[in-house]
>>> print(open('start36.pdb').read())   # PDB, C-alpha atoms
ATOM      1  CA  MET A  43     126.026 -18.949 158.461
ATOM      2  CA  GLN A  44     124.229 -16.151 156.667
ATOM      3  CA  SER A  45     127.600 -14.468 156.117
ATOM      4  CA  LEU A  46     128.805 -17.568 154.182
ATOM      5  CA  TYR A  47     125.914 -17.186 151.770
ATOM      6  CA  PHE A  48     126.601 -13.447 151.386
ATOM      7  CA  VAL A  49     130.283 -14.115 150.670
ATOM      8  CA  LEU A  50     129.355 -16.780 148.098
ATOM      9  CA  ALA A  51     126.912 -14.364 146.444
ATOM     10  CA  ALA A  52     129.594 -11.651 146.376
ATOM     11  CA  ALA A  53     132.144 -14.052 144.858
ATOM     12  CA  HIS A  54     129.664 -14.931 142.128
ATOM     13  CA  VAL A  55     128.949 -11.253 141.431
ATOM     14  CA  LEU A  56     132.704 -10.777 141.030
ATOM     15  CA  ALA A  57     132.825 -13.783 138.690
ATOM     16  CA  LEU A  58     130.011 -12.170 136.661
ATOM     17  CA  VAL A  59     132.152  -9.073 136.197
ATOM     18  CA  VAL A  60     135.263 -11.062 135.221
ATOM     19  CA  THR A  61     133.459 -13.338 132.777
ATOM     20  CA  GLY A  62     131.606 -10.347 131.339
ATOM     21  CA  ILE A  63     134.937  -8.642 130.682
ATOM     22  CA  LEU A  64     136.357 -11.794 129.080
ATOM     23  CA  TRP A  65     133.264 -12.187 126.910
ATOM     24  CA  THR A  66     133.523  -8.540 125.824
ATOM     25  CA  ILE A  67     137.203  -8.998 124.915
ATOM     26  CA  ILE A  68     136.261 -11.966 122.726
ATOM     27  CA  ASP A  69     133.487  -9.951 121.045
ATOM     28  CA  LEU A  70     135.730  -6.950 120.399
ATOM     29  CA  LYS A  71     138.741  -8.970 119.272
ATOM     30  CA  PRO A  72     137.529 -12.185 117.578
ATOM     31  CA  GLN A  73     141.108 -13.389 116.957
ATOM     32  CA  SER A  74     141.773 -13.389 120.700
ATOM     33  CA  GLY A  75     143.360 -16.477 122.233
ATOM     34  CA  LEU A  76     140.329 -16.651 124.518
ATOM     35  CA  ARG A  77     138.028 -17.532 121.585
ATOM     36  CA  PRO A  78     138.254 -21.334 122.089
ATOM     37  CA  HIS A  79     137.079 -20.851 125.686
ATOM     38  CA  LEU A  80     133.964 -18.813 124.855
ATOM     39  CA  ARG A  81     131.554 -21.620 125.780
ATOM     40  CA  ASP A  82     133.247 -22.118 129.143
ATOM     41  CA  ILE A  83     133.189 -18.377 129.836
ATOM     42  CA  ARG A  84     129.500 -18.137 128.946
ATOM     43  CA  ALA A  85     128.679 -21.204 131.055
ATOM     44  CA  VAL A  86     130.383 -19.712 134.113
ATOM     45  CA  HIS A  87     128.804 -16.307 133.443
ATOM     46  CA  PHE A  88     125.255 -17.625 133.289
ATOM     47  CA  GLY A  89     125.871 -20.090 136.119
ATOM     48  CA  CYS A  90     126.932 -17.215 138.358
ATOM     49  CA  LEU A  91     123.994 -15.133 137.216
ATOM     50  CA  TYR A  92     121.771 -18.007 138.268
ATOM     51  CA  LEU A  93     123.463 -18.632 141.624
ATOM     52  CA  VAL A  94     123.505 -15.084 143.043
ATOM     53  CA  PRO A  95     119.742 -14.973 143.728
ATOM     54  CA  TRP A  96     119.850 -18.554 145.003
ATOM     55  CA  PHE A  97     122.435 -17.697 147.645
ATOM     56  CA  LEU A  98     120.671 -14.512 148.697
ATOM     57  CA  GLY A  99     117.246 -16.161 148.739
ATOM     58  CA  LEU A 100     118.452 -19.159 150.725
ATOM     59  CA  ALA A 101     120.239 -16.904 153.226
ATOM     60  CA  PHE A 102     116.991 -15.012 153.762
ATOM     61  CA  ALA A 103     114.862 -18.166 154.017
ATOM     62  CA  PHE A 104     117.229 -19.927 156.405
ATOM     63  CA  GLU A 105     117.363 -16.842 158.628
ATOM     64  CA  ARG A 106     113.582 -16.423 158.670
ATOM     65  CA  LEU A 107     112.958 -20.117 159.368
ATOM     66  CA  ASP A 108     115.771 -20.358 161.946
ATOM     67  CA  VAL A 109     117.308 -23.396 160.238
ATOM     68  CA  PRO A 110     120.346 -24.911 162.033
ATOM     69  CA  ALA A 111     123.751 -24.199 160.497
ATOM     70  CA  TRP A 112     124.537 -27.788 159.526
ATOM     71  CA  HIS A 113     121.427 -27.903 157.317
ATOM     72  CA  GLN A 114     122.544 -24.683 155.679
ATOM     73  CA  LEU A 115     125.930 -26.162 154.734
ATOM     74  CA  VAL A 116     124.424 -28.907 152.583
ATOM     75  CA  PHE A 117     123.682 -26.743 149.524
ATOM     76  CA  PRO A 118     127.140 -25.125 149.252
ATOM     77  CA  ALA A 119     128.735 -28.528 149.934
ATOM     78  CA  GLY A 120     126.762 -30.146 147.106
ATOM     79  CA  LEU A 121     127.630 -27.311 144.756
ATOM     80  CA  GLY A 122     131.268 -27.561 145.804
ATOM     81  CA  ALA A 123     131.236 -31.315 145.138
ATOM     82  CA  LEU A 124     129.900 -30.696 141.632
ATOM     83  CA  VAL A 125     132.638 -28.150 140.912
ATOM     84  CA  PHE A 126     135.319 -30.373 142.464
ATOM     85  CA  PHE A 127     134.457 -33.577 140.600
ATOM     86  CA  SER A 128     133.781 -31.798 137.309
ATOM     87  CA  GLY A 129     137.068 -29.964 137.713
ATOM     88  CA  ILE A 130     138.928 -33.239 138.161
ATOM     89  CA  ALA A 131     137.083 -34.665 135.160
ATOM     90  CA  TYR A 132     138.178 -31.649 133.103
ATOM     91  CA  LEU A 133     141.838 -32.580 133.730
ATOM     92  CA  PHE A 134     141.554 -35.882 131.846
ATOM     93  CA  PRO A 135     142.740 -35.814 128.236
ATOM     94  CA  ARG A 136     139.807 -35.563 125.881
ATOM     95  CA  PRO A 137     139.395 -37.887 122.915
ATOM     96  CA  PRO A 138     140.684 -36.483 119.619
ATOM     97  CA  GLY A 139     138.164 -34.440 117.688
ATOM     98  CA  LEU A 140     135.840 -33.963 120.674
ATOM     99  CA  ASP A 141     134.792 -30.389 121.400
ATOM    100  CA  PRO A 142     136.292 -29.302 124.771
ATOM    101  CA  PHE A 143     132.829 -28.352 126.029
ATOM    102  CA  TYR A 144     131.803 -32.023 125.826
ATOM    103  CA  TYR A 145     134.752 -33.434 127.794
ATOM    104  CA  TRP A 146     132.392 -35.087 130.244
ATOM    105  CA  THR A 147     130.544 -37.284 127.736
ATOM    106  CA  ARG A 148     132.951 -40.237 127.742
ATOM    107  CA  GLY A 149     134.877 -42.450 130.167
ATOM    108  CA  TRP A 150     136.087 -41.380 133.601
ATOM    109  CA  PRO A 151     135.295 -37.704 133.075
ATOM    110  CA  MET A 152     131.656 -38.693 132.546
ATOM    111  CA  VAL A 153     131.660 -40.849 135.713
ATOM    112  CA  LEU A 154     133.216 -38.097 137.839
ATOM    113  CA  SER A 155     130.913 -35.424 136.438
ATOM    114  CA  LEU A 156     127.850 -37.584 137.041
ATOM    115  CA  PHE A 157     128.989 -38.246 140.610
ATOM    116  CA  GLY A 158     129.350 -34.495 141.179
ATOM    117  CA  LEU A 159     125.936 -33.939 139.638
ATOM    118  CA  ALA A 160     124.442 -36.598 141.932
ATOM    119  CA  CYS A 161     125.960 -34.777 144.934
ATOM    120  CA  LEU A 162     124.352 -31.528 143.816
ATOM    121  CA  ILE A 163     120.971 -33.190 143.243
ATOM    122  CA  ALA A 164     121.098 -34.756 146.720
ATOM    123  CA  ALA A 165     121.973 -31.355 148.211
ATOM    124  CA  LEU A 166     119.120 -29.672 146.337
ATOM    125  CA  LEU A 167     116.624 -32.293 147.490
ATOM    126  CA  TRP A 168     117.908 -32.008 151.064
ATOM    127  CA  THR A 169     117.641 -28.215 150.980
ATOM    128  CA  ALA A 170     114.112 -28.347 149.547
ATOM    129  CA  GLY A 171     113.111 -30.840 152.219
ATOM    130  CA  VAL A 172     114.621 -28.770 155.029
ATOM    131  CA  LEU A 173     112.893 -25.615 153.797
ATOM    132  CA  THR A 174     109.578 -27.454 153.596
ATOM    133  CA  VAL A 175     109.868 -29.060 157.034
ATOM    134  CA  TYR A 176     110.909 -25.851 158.773
ATOM    135  CA  ALA A 177     108.259 -23.810 156.938
ATOM    136  CA  LEU A 178     105.515 -26.201 158.033
ATOM    137  CA  SER A 179     106.634 -26.494 161.659
TER
END
>>> encode(input="start36.pdb", output="structure tokens")
Amino acid sequence: MQSLYFVLAAAHVLALVVTGILWTIIDLKPQSGLRPHLRDIRAVHFGCLYLVPWFLGLAFAFERLDVPAWHQLVFPAGLGALVFFSGIAYLFPRPPGLDPFYYWTRGWPMVLSLFGLACLIAALLWTAGVLTVYALS
């Protein structure tokens, strides 16, 4: 299971490189067609920057505490649910005049995004609980 966390960390390091390149292109060529997507690119960039140490730290903690594999799957599953439901929400047409970054603030996109967020919160609470229980036992 530790290898899953290492692969996820590596994928996010790769995403850091790609989004960093895209961000640099936008900075060097402001008229680029990527300009309208700058907020999305920055969000993914900083999200990946945030997740790399999480994956590596959790892999280390789970290994040291000898946590069963099914407990270790909960965090990536919750994160995957957030990405999945937010991705579906992003496919809905946005209301006219609404900034694309705020697609999730109305209607079904909001419901789907909140459901994905609830999945992530449940996974985070589960992971924190598992770490606490196995650390204390």
>>> residues_around(input="start36.pdb", residues="region 101-110 of chain A", least_positions_apart="6", cutoff="9 Å", atoms="all atoms listed in the file", output="number ranges by chain")
A: 43-48, 172-173, 176-177
>>> closest_residue(input="start36.pdb", among="A:Gly62, A:Pro135, A:Gly158, A:Pro151", to="Cys90 (chain A)", atoms="all atoms listed in the file")
A:Gly62
>>> resolve_selection(input="start36.pdb", expression="the PyMOL selection byres ((chain A and resi 86) around 12)", output="VMD selection string")
chain A and resid 54 to 62 64 to 65 79 to 85 87 to 93 125
>>> atom_distance(input="start36.pdb", atom1="CA of Leu121 (chain A)", atom2="CA of Ala164 (chain A)")
10.1 Å
>>> resolve_selection(input="start36.pdb", expression="the PyMOL selection byres ((chain A and resi 159) around 10)", output="number ranges by chain")
A: 120-121, 123-125, 127-128, 153-158, 160-165
>>> atom_distance(input="start36.pdb", atom1="CA of Tyr144 (chain A)", atom2="CA of Ser74 (chain A)")
21.7 Å
>>> atom_distance(input="start36.pdb", atom1="CA of Asp141 (chain A)", atom2="CA of Gly129 (chain A)")
16.5 Å
>>> axis_aligned_box(input="start36.pdb", around="region 128-141 of chain A", padding_each_side="4 Å", output="lines of an AutoDock Vina configuration file")
center_x = 138.3
center_y = -33.9
center_z = 127.9
size_x = 17.0
size_y = 15.9
size_z = 28.5
>>> decode(input="start36.pdb", residues="region 52-71 of chain A", atoms="N, CA, C and O atoms", output="PDB file, in the first residue's frame")
ATOM      1  N   ALA A  52       4.282  11.018  -6.511  1.00  0.00           N
ATOM      2  CA  ALA A  52       5.024  11.258  -7.748  1.00  0.00           C
ATOM      3  C   ALA A  52       4.133  11.907  -8.807  1.00  0.00           C
ATOM      4  O   ALA A  52       4.559  12.822  -9.520  1.00  0.00           O
ATOM      5  N   ALA A  53       2.885  11.446  -8.902  1.00  0.00           N
ATOM      6  CA  ALA A  53       1.954  12.043  -9.878  1.00  0.00           C
ATOM      7  C   ALA A  53       1.704  13.508  -9.553  1.00  0.00           C
ATOM      8  O   ALA A  53       1.603  14.349 -10.460  1.00  0.00           O
ATOM      9  N   HIS A  54       1.637  13.836  -8.275  1.00  0.00           N
ATOM     10  CA  HIS A  54       1.413  15.228  -7.891  1.00  0.00           C
ATOM     11  C   HIS A  54       2.663  16.087  -8.091  1.00  0.00           C
ATOM     12  O   HIS A  54       2.554  17.277  -8.385  1.00  0.00           O
ATOM     13  N   VAL A  55       3.841  15.497  -7.953  1.00  0.00           N
ATOM     14  CA  VAL A  55       5.068  16.232  -8.282  1.00  0.00           C
ATOM     15  C   VAL A  55       5.084  16.535  -9.779  1.00  0.00           C
ATOM     16  O   VAL A  55       5.417  17.654 -10.193  1.00  0.00           O
ATOM     17  N   LEU A  56       4.698  15.567 -10.591  1.00  0.00           N
ATOM     18  CA  LEU A  56       4.611  15.783 -12.034  1.00  0.00           C
ATOM     19  C   LEU A  56       3.592  16.879 -12.359  1.00  0.00           C
ATOM     20  O   LEU A  56       3.841  17.751 -13.198  1.00  0.00           O
ATOM     21  N   ALA A  57       2.453  16.858 -11.681  1.00  0.00           N
ATOM     22  CA  ALA A  57       1.443  17.897 -11.891  1.00  0.00           C
ATOM     23  C   ALA A  57       1.976  19.270 -11.482  1.00  0.00           C
ATOM     24  O   ALA A  57       1.626  20.282 -12.101  1.00  0.00           O
ATOM     25  N   LEU A  58       2.822  19.320 -10.449  1.00  0.00           N
ATOM     26  CA  LEU A  58       3.459  20.587 -10.064  1.00  0.00           C
ATOM     27  C   LEU A  58       4.304  21.138 -11.203  1.00  0.00           C
ATOM     28  O   LEU A  58       4.266  22.340 -11.491  1.00  0.00           O
ATOM     29  N   VAL A  59       5.054  20.260 -11.848  1.00  0.00           N
ATOM     30  CA  VAL A  59       5.908  20.686 -12.960  1.00  0.00           C
ATOM     31  C   VAL A  59       5.043  21.201 -14.116  1.00  0.00           C
ATOM     32  O   VAL A  59       5.300  22.281 -14.663  1.00  0.00           O
ATOM     33  N   VAL A  60       4.016  20.444 -14.479  1.00  0.00           N
ATOM     34  CA  VAL A  60       3.159  20.833 -15.608  1.00  0.00           C
ATOM     35  C   VAL A  60       2.445  22.148 -15.329  1.00  0.00           C
ATOM     36  O   VAL A  60       2.439  23.055 -16.166  1.00  0.00           O
ATOM     37  N   THR A  61       1.844  22.278 -14.152  1.00  0.00           N
ATOM     38  CA  THR A  61       1.137  23.522 -13.849  1.00  0.00           C
ATOM     39  C   THR A  61       2.104  24.691 -13.695  1.00  0.00           C
ATOM     40  O   THR A  61       1.771  25.824 -14.023  1.00  0.00           O
ATOM     41  N   GLY A  62       3.312  24.426 -13.220  1.00  0.00           N
ATOM     42  CA  GLY A  62       4.320  25.478 -13.151  1.00  0.00           C
ATOM     43  C   GLY A  62       4.708  25.976 -14.533  1.00  0.00           C
ATOM     44  O   GLY A  62       4.864  27.178 -14.758  1.00  0.00           O
ATOM     45  N   ILE A  63       4.827  25.047 -15.477  1.00  0.00           N
ATOM     46  CA  ILE A  63       5.125  25.429 -16.863  1.00  0.00           C
ATOM     47  C   ILE A  63       3.980  26.246 -17.449  1.00  0.00           C
ATOM     48  O   ILE A  63       4.202  27.287 -18.084  1.00  0.00           O
ATOM     49  N   LEU A  64       2.746  25.788 -17.235  1.00  0.00           N
ATOM     50  CA  LEU A  64       1.586  26.521 -17.754  1.00  0.00           C
ATOM     51  C   LEU A  64       1.502  27.924 -17.153  1.00  0.00           C
ATOM     52  O   LEU A  64       1.215  28.903 -17.866  1.00  0.00           O
ATOM     53  N   TRP A  65       1.753  28.026 -15.873  1.00  0.00           N
ATOM     54  CA  TRP A  65       1.713  29.323 -15.192  1.00  0.00           C
ATOM     55  C   TRP A  65       2.789  30.248 -15.761  1.00  0.00           C
ATOM     56  O   TRP A  65       2.551  31.434 -15.985  1.00  0.00           O
ATOM     57  N   THR A  66       3.982  29.689 -16.004  1.00  0.00           N
ATOM     58  CA  THR A  66       5.072  30.481 -16.578  1.00  0.00           C
ATOM     59  C   THR A  66       4.722  30.967 -17.981  1.00  0.00           C
ATOM     60  O   THR A  66       4.998  32.124 -18.336  1.00  0.00           O
ATOM     61  N   ILE A  67       4.105  30.105 -18.784  1.00  0.00           N
ATOM     62  CA  ILE A  67       3.679  30.503 -20.133  1.00  0.00           C
ATOM     63  C   ILE A  67       2.716  31.683 -20.054  1.00  0.00           C
ATOM     64  O   ILE A  67       2.830  32.644 -20.816  1.00  0.00           O
ATOM     65  N   ILE A  68       1.782  31.620 -19.117  1.00  0.00           N
ATOM     66  CA  ILE A  68       0.811  32.715 -18.963  1.00  0.00           C
ATOM     67  C   ILE A  68       1.520  34.003 -18.539  1.00  0.00           C
ATOM     68  O   ILE A  68       1.196  35.088 -19.022  1.00  0.00           O
ATOM     69  N   ASP A  69       2.506  33.882 -17.640  1.00  0.00           N
ATOM     70  CA  ASP A  69       3.242  35.075 -17.200  1.00  0.00           C
ATOM     71  C   ASP A  69       4.081  35.680 -18.319  1.00  0.00           C
ATOM     72  O   ASP A  69       4.180  36.904 -18.443  1.00  0.00           O
ATOM     73  N   LEU A  70       4.683  34.826 -19.138  1.00  0.00           N
ATOM     74  CA  LEU A  70       5.556  35.322 -20.206  1.00  0.00           C
ATOM     75  C   LEU A  70       4.782  35.813 -21.425  1.00  0.00           C
ATOM     76  O   LEU A  70       5.263  36.671 -22.155  1.00  0.00           O
ATOM     77  N   LYS A  71       3.598  35.253 -21.635  1.00  0.00           N
ATOM     78  CA  LYS A  71       2.785  35.639 -22.785  1.00  0.00           C
ATOM     79  C   LYS A  71       1.353  35.907 -22.299  1.00  0.00           C
ATOM     80  O   LYS A  71       0.489  35.030 -22.369  1.00  0.00           O
TER      81      LYS A  71
END
